[in-house]
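Trainee: Sending over a structure as structure tokens; questions will come in a sec.
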Amino acid sequence: MFILKLALKSLLNRKFTVALTIFSIAISITLLLGVERIRIGLENSFTNTISGTDLVVGARTGDEQLLLSTVFHIGMASNNISWHSYEDIAANELIDWTIPISMGDSHEGFSVIGTNDDYFTHYQFANKQHLQFQAGKAFHETFEAVLGADVAALHEYKIGDEIVINHGSGEIAFHDHADKPFHVSGILQRTGTPVDQTIHVSLEGIEAIHIDWVDGMPDKHMHFSAEEVEHLHLEPEYITAFLVGLKSRTDVLAVQRLINQNKSEPLTAVMPGITLQRLWNMMGKIETALLIVSGFVAIAGLIGMLVALLTGINERRREMAILRSVGASPLKVFGLISSESIVITLSGIALGIAFVFLLLQIVKPILESQYGIYLNPSGISLQEIYIIGTVIILGILIGIIPGYKIYKYSLLDGMTVKM
Amino acid sequence: MNNSIIQIQDLQFNWDKSKVPFIVIPELEVLKSEHLLIKGDSGSGKTTFLNLISGVLPLSSGEIKILGDNLSDAKSSKRDAIRANHMGVIFQMFNLIPYLSVIENVLIPIHFSEVKKNKIIGKGISAKDEAIRLLSELGLQQKEIHEKKVTELSVGQQQRVAAARALIGSPEIILADEPTSAIDENNSMRFLDLLLEECRKNNSTLLYVSHDSRIHHKFQQSISIHDYTENMPIAEKTGKEAVECSS
């Protein structure tokens, strides 16, 4: 006990160096744990880009491709689904709700999707959060559009503004639908998902702007004005994909098989969570790299501690001689120096953990609203316990080095220091 | 024999198993309350001799008995315990731990020895009061000095604190390694007198290393340590007979 008291007093005597050392270990811990938290947050946010949806259905294609095109608007669906097949499947009694999605148009590089009211009722992201409007409301007219937060922010669109949709995707589209502009009816709140970069219009709207088109080109002979179109029957012939929510999640495999074996046309149904997880794992190397970098930072912090302890060691040989003279065994002298490094390591870790939680409280709202990264703010995960445990063990092992040196010196010096 | 505190027989010590012994002492006995002066040129091994007596260094051959316990057979932990319980040590300088106060420095031995602690409890006073008493007897009676950082003291004051630390718990043996070499002459004489006085009060045996022959008359016994050559015994008794004790 006296040895521990001595260690504390000796540390207090060197407040400044000790504080710096503790601080550098704290920074390492903050980085390690912070990176881990953000990594898990990223993974959770990514795998929950879409949530509450049991199946994503499209024309026969690869799982990842279907998900990338439907949820992230990356790449194009290779084929369409006929409206009849969609209606057939949607009528299945195991199915609670469906959201039809029609893609292929864009506005200033943002994807335009055609859908219906169910999108705003049933679409969920993150921890089963529903879409919210920051302004306006869902579309009710054929030529009304609901904008994602990024679309609205980038072009400073307000409710009632007019936008023109281009045919095809990408920044440069060859044809536009300038004759049939849309009006902004609502702007969604930021989600941190691809929804923010999407413009939503009704299926009728998509149908209306293409009604006088043939083979992906405006027809040379036929033309309907926007007013005329609104009076036409605008039921779509095809959609690109649809999302399915089941009454009971336990039926998901049965319904998936049913859709995959659909007779009228070849379809693919994927479970978004599993496919997203698979996509994330493909990017796993990035997270490993992050972890390695922060691991090196932790090692640098511990080496800093070793340097701080070793530089003071010569002055302390006299101190050890005094302790030896009053009967302290070399082992106790070793214990004194080692317990100092243990105290430094533990304080550094405690401070680092405090930093992490403080920092998380500060960045949490920013990450959530701006980047859609949802961090788990409380509780320590098993992975984090491993990290903390490893640093403690490394800290103690490194602390043994100066302790061992002092031990050797005190055997050699005895009560007299030859310096 | 009951009065014998330190008994040395055929002591030999050499560094690193070299063939040539560094210290040879055929025979030496130090009695209770005896004050022994250890003389010798610098580098002659006086300090090494103290390290042997205190059990910090192991013997190469021969034996040293402290209060009947044979150091040569004892494990290092046993030797550490003997030193903690029965000895007090004063160095030339750097006696004090810089981050402890004066009182805390004096009290260090109490934390390493139940024996010393119990001796004070036996007197019916607290360890702190005993520390204050010793400091006062050694001329540091001002209360504000007791709580001072030791780095604020003069060298002379520091050596008195060291003496108080050596004396606390009334150990049977006090080892002093040229404790006055860093103090001016007047003060060094006063320091020696105070130390001798306190040892007398405690009935402590004092082993005092010095190269100063002028203090010779203050000790009952003295030995000289020379460079060892094959024909010359390393420690020879000079001065008065060992039997002559203080009363």
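Labels for the structure tokens follow display order: chains A, B, ..., residues from 1 in each chain, ligands from 1.
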Select from chain B every residue with an atom at most 7 Å from any atom of chain A, then for each give the shortest pair of atoms and their distance in Å to one decimal, using only C-alpha atoms, rows by chain and rising number, as a Markdown table.
Mentor:
```
| residue | atom | partner | partner_atom | distance |
| --- | --- | --- | --- | --- |
| B:Asn51 | CA | A:Met415 | CA | 6.7 |
| B:Val56 | CA | A:Gly414 | CA | 5.5 |
| B:Leu57 | CA | A:Gly414 | CA | 6.8 |
| B:Ser77 | CA | A:Ser329 | CA | 6.5 |
| B:Asp80 | CA | A:Gly327 | CA | 4.9 |
| B:Ala81 | CA | A:Gly327 | CA | 6.1 |
| B:Arg83 | CA | A:Gly327 | CA | 5.4 |
| B:Ala84 | CA | A:Gly327 | CA | 4.0 |
| B:Gly88 | CA | A:Val326 | CA | 6.8 |
| B:Val89 | CA | A:Ser325 | CA | 6.2 |
| B:Phe94 | CA | A:Arg318 | CA | 6.9 |
| B:Asn95 | CA | A:Ile322 | CA | 6.4 |
| B:Ile97 | CA | A:Glu319 | CA | 5.8 |
| B:Tyr99 | CA | A:Asn13 | CA | 5.8 |
| B:Pro109 | CA | A:Val326 | CA | 5.4 |
| B:His111 | CA | A:Phe2 | CA | 6.6 |
| B:Phe112 | CA | A:Gly327 | CA | 6.3 |
```
Trainee: Identify, on the basis of only C-alpha atoms, every residue whose closest approach to Arg190 in chain B does not exceed 10 Å; exclude the query and any residue fewer than 5 positions from it along the same chain; express the result as an mmCIF file with N, CA and C atoms, in the first residue's frame.
Mentor:
```cif
data_model
loop_
_atom_site.group_PDB
_atom_site.id
_atom_site.type_symbol
_atom_site.label_atom_id
_atom_site.label_comp_id
_atom_site.auth_asym_id
_atom_site.auth_seq_id
_atom_site.Cartn_x
_atom_site.Cartn_y
_atom_site.Cartn_z
ATOM 1 N N LEU B 138 17.537 16.581 17.175
ATOM 2 C CA LEU B 138 18.624 16.804 16.219
ATOM 3 C C LEU B 138 18.688 18.263 15.779
ATOM 4 N N THR B 180 28.995 13.520 6.910
ATOM 5 C CA THR B 180 29.298 14.946 7.058
ATOM 6 C C THR B 180 30.161 15.482 5.923
ATOM 7 N N GLU B 185 32.820 22.390 8.373
ATOM 8 C CA GLU B 185 33.478 21.730 9.494
ATOM 9 C C GLU B 185 32.757 21.889 10.837
ATOM 10 N N LEU B 195 24.685 12.829 16.683
ATOM 11 C CA LEU B 195 24.460 11.442 16.269
ATOM 12 C C LEU B 195 24.951 10.480 17.343
ATOM 13 N N LEU B 196 26.155 10.759 17.876
ATOM 14 C CA LEU B 196 26.716 9.894 18.927
ATOM 15 C C LEU B 196 25.809 9.899 20.153
#
```
Trainee: Identify, with DSSP run on backbone atoms, the residues in range 116-183 of chain A assigned to strand (DSSP E), and express the list as a list in words.
Mentor: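 Filtering range 116-183 of chain A to strand (DSSP E) leaves Gln124, Phe125, Gln129, His130, Phe133, Gln134, Ala135, Gly136, Glu144, Ala145, Val146, Leu147, Glu162, Ile163, Asn166, His167, His175, Asp176, Phe182 and His183 of chain A.
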Trainee: Nearest to Leu107 in chain B among B:Leu71, B:Leu167, B:Ile125, B:Ile64, with distances taken over only C-alpha atoms: which residue is it?
Mentor: B:Leu167
Trainee: I want to know what sits within 9 Å of Ile337 in chain A, based on only C-alpha atoms, with residues of the same chain fewer than 2 positions away left out; could you give that as a PyMOL selection string?
Mentor: chain A and resi 7+309+332-335+339-342+399-400+402-404+406
Trainee: Put those residues in a file: C-alpha atoms, as a PDB file, in the first residue's frame.
Mentor:
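Contents of part.pdb, freshly written:
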```pdb
ATOM      1  CA  ALA A   7       4.052   5.886  -6.728  1.00  0.00           C
ATOM      2  CA  LEU A 309       9.364   6.690 -17.737  1.00  0.00           C
ATOM      3  CA  LYS A 332       9.240  -3.723  -4.139  1.00  0.00           C
ATOM      4  CA  VAL A 333      11.357  -1.234  -6.042  1.00  0.00           C
ATOM      5  CA  PHE A 334      10.263  -2.970  -9.239  1.00  0.00           C
ATOM      6  CA  GLY A 335       6.672  -2.764  -7.994  1.00  0.00           C
ATOM      7  CA  SER A 339       2.701   0.564 -10.538  1.00  0.00           C
ATOM      8  CA  GLU A 340       3.488   4.055 -11.770  1.00  0.00           C
ATOM      9  CA  SER A 341       3.139   2.921 -15.364  1.00  0.00           C
ATOM     10  CA  ILE A 342      -0.023   0.999 -14.508  1.00  0.00           C
ATOM     11  CA  GLY A 399       5.615  -0.537 -17.782  1.00  0.00           C
ATOM     12  CA  ILE A 400       7.610  -3.611 -16.803  1.00  0.00           C
ATOM     13  CA  PRO A 402      11.550   0.548 -16.726  1.00  0.00           C
ATOM     14  CA  GLY A 403      10.620  -1.511 -13.665  1.00  0.00           C
ATOM     15  CA  TYR A 404      13.005  -4.242 -14.751  1.00  0.00           C
ATOM     16  CA  ILE A 406      15.375  -0.229 -11.982  1.00  0.00           C
TER      17      ILE A 406
END
```
Trainee: Which residues are close to Ile5 in chain B, i.e. within 9 Å by only C-alpha atoms, leaving aside same-chain residues fewer than 2 positions away? Reply as a list of chain:residue names.
Mentor: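 With the cut-off at 9 Å, the set is B:Met1, B:Asn2, B:Asn3, B:Gln7, B:Glu29, B:Val30, B:Leu31, B:Lys32, B:Ser33, B:Lys65, B:Ile66, B:Leu67, B:Gly68, B:Glu172, B:Ile173, B:Thr205.
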Trainee: One number please: CA of Leu31 in chain A to CA of Gly379 in chain A, in Å, one decimal.
Mentor: 17.2 Å
Trainee: For the structure I just gave you, how does DSSP split range 115-221 of chain A - specifically, which residues are alpha helix (DSSP H)? Reply as a PyMOL selection string.
Mentor: chain A and resi 118-122+149-155+203-210
Trainee: Based on the selection just made, write C-alpha atoms of those residues as a short mmCIF file (atom, residue, chain, number, x, y, z; two decimals), in the first residue's frame.
Mentor:
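The resulting out22.cif:
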```cif
data_model
loop_
_atom_site.label_atom_id
_atom_site.label_comp_id
_atom_site.auth_asym_id
_atom_site.auth_seq_id
_atom_site.Cartn_x
_atom_site.Cartn_y
_atom_site.Cartn_z
CA ASP A 118 -47.43 3.86 -50.16
CA TYR A 119 -43.82 4.99 -50.47
CA PHE A 120 -44.35 7.72 -47.88
CA THR A 121 -46.40 5.42 -45.67
CA HIS A 122 -44.23 2.29 -45.68
CA ALA A 149 -33.20 16.83 -48.80
CA ASP A 150 -29.97 17.02 -50.84
CA VAL A 151 -31.81 17.81 -54.07
CA ALA A 152 -33.67 20.65 -52.41
CA ALA A 153 -30.60 21.98 -50.60
CA LEU A 154 -28.29 21.93 -53.61
CA HIS A 155 -30.61 23.87 -55.88
CA LEU A 203 -46.30 6.57 -61.41
CA GLU A 204 -48.86 8.52 -63.42
CA GLY A 205 -46.36 11.34 -63.78
CA ILE A 206 -43.74 8.99 -65.19
CA GLU A 207 -46.34 7.56 -67.52
CA ALA A 208 -47.51 11.02 -68.57
CA ILE A 209 -44.11 12.33 -69.64
CA HIS A 210 -43.50 9.23 -71.75
#
```
Trainee: How many Å lie between CA of Leu358 in chain A and CA of Gln370 in chain A, rounded to one decimal?
Mentor: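 Separation between CA of Leu358 in chain A and CA of Gln370 in chain A: 19.2 Å.
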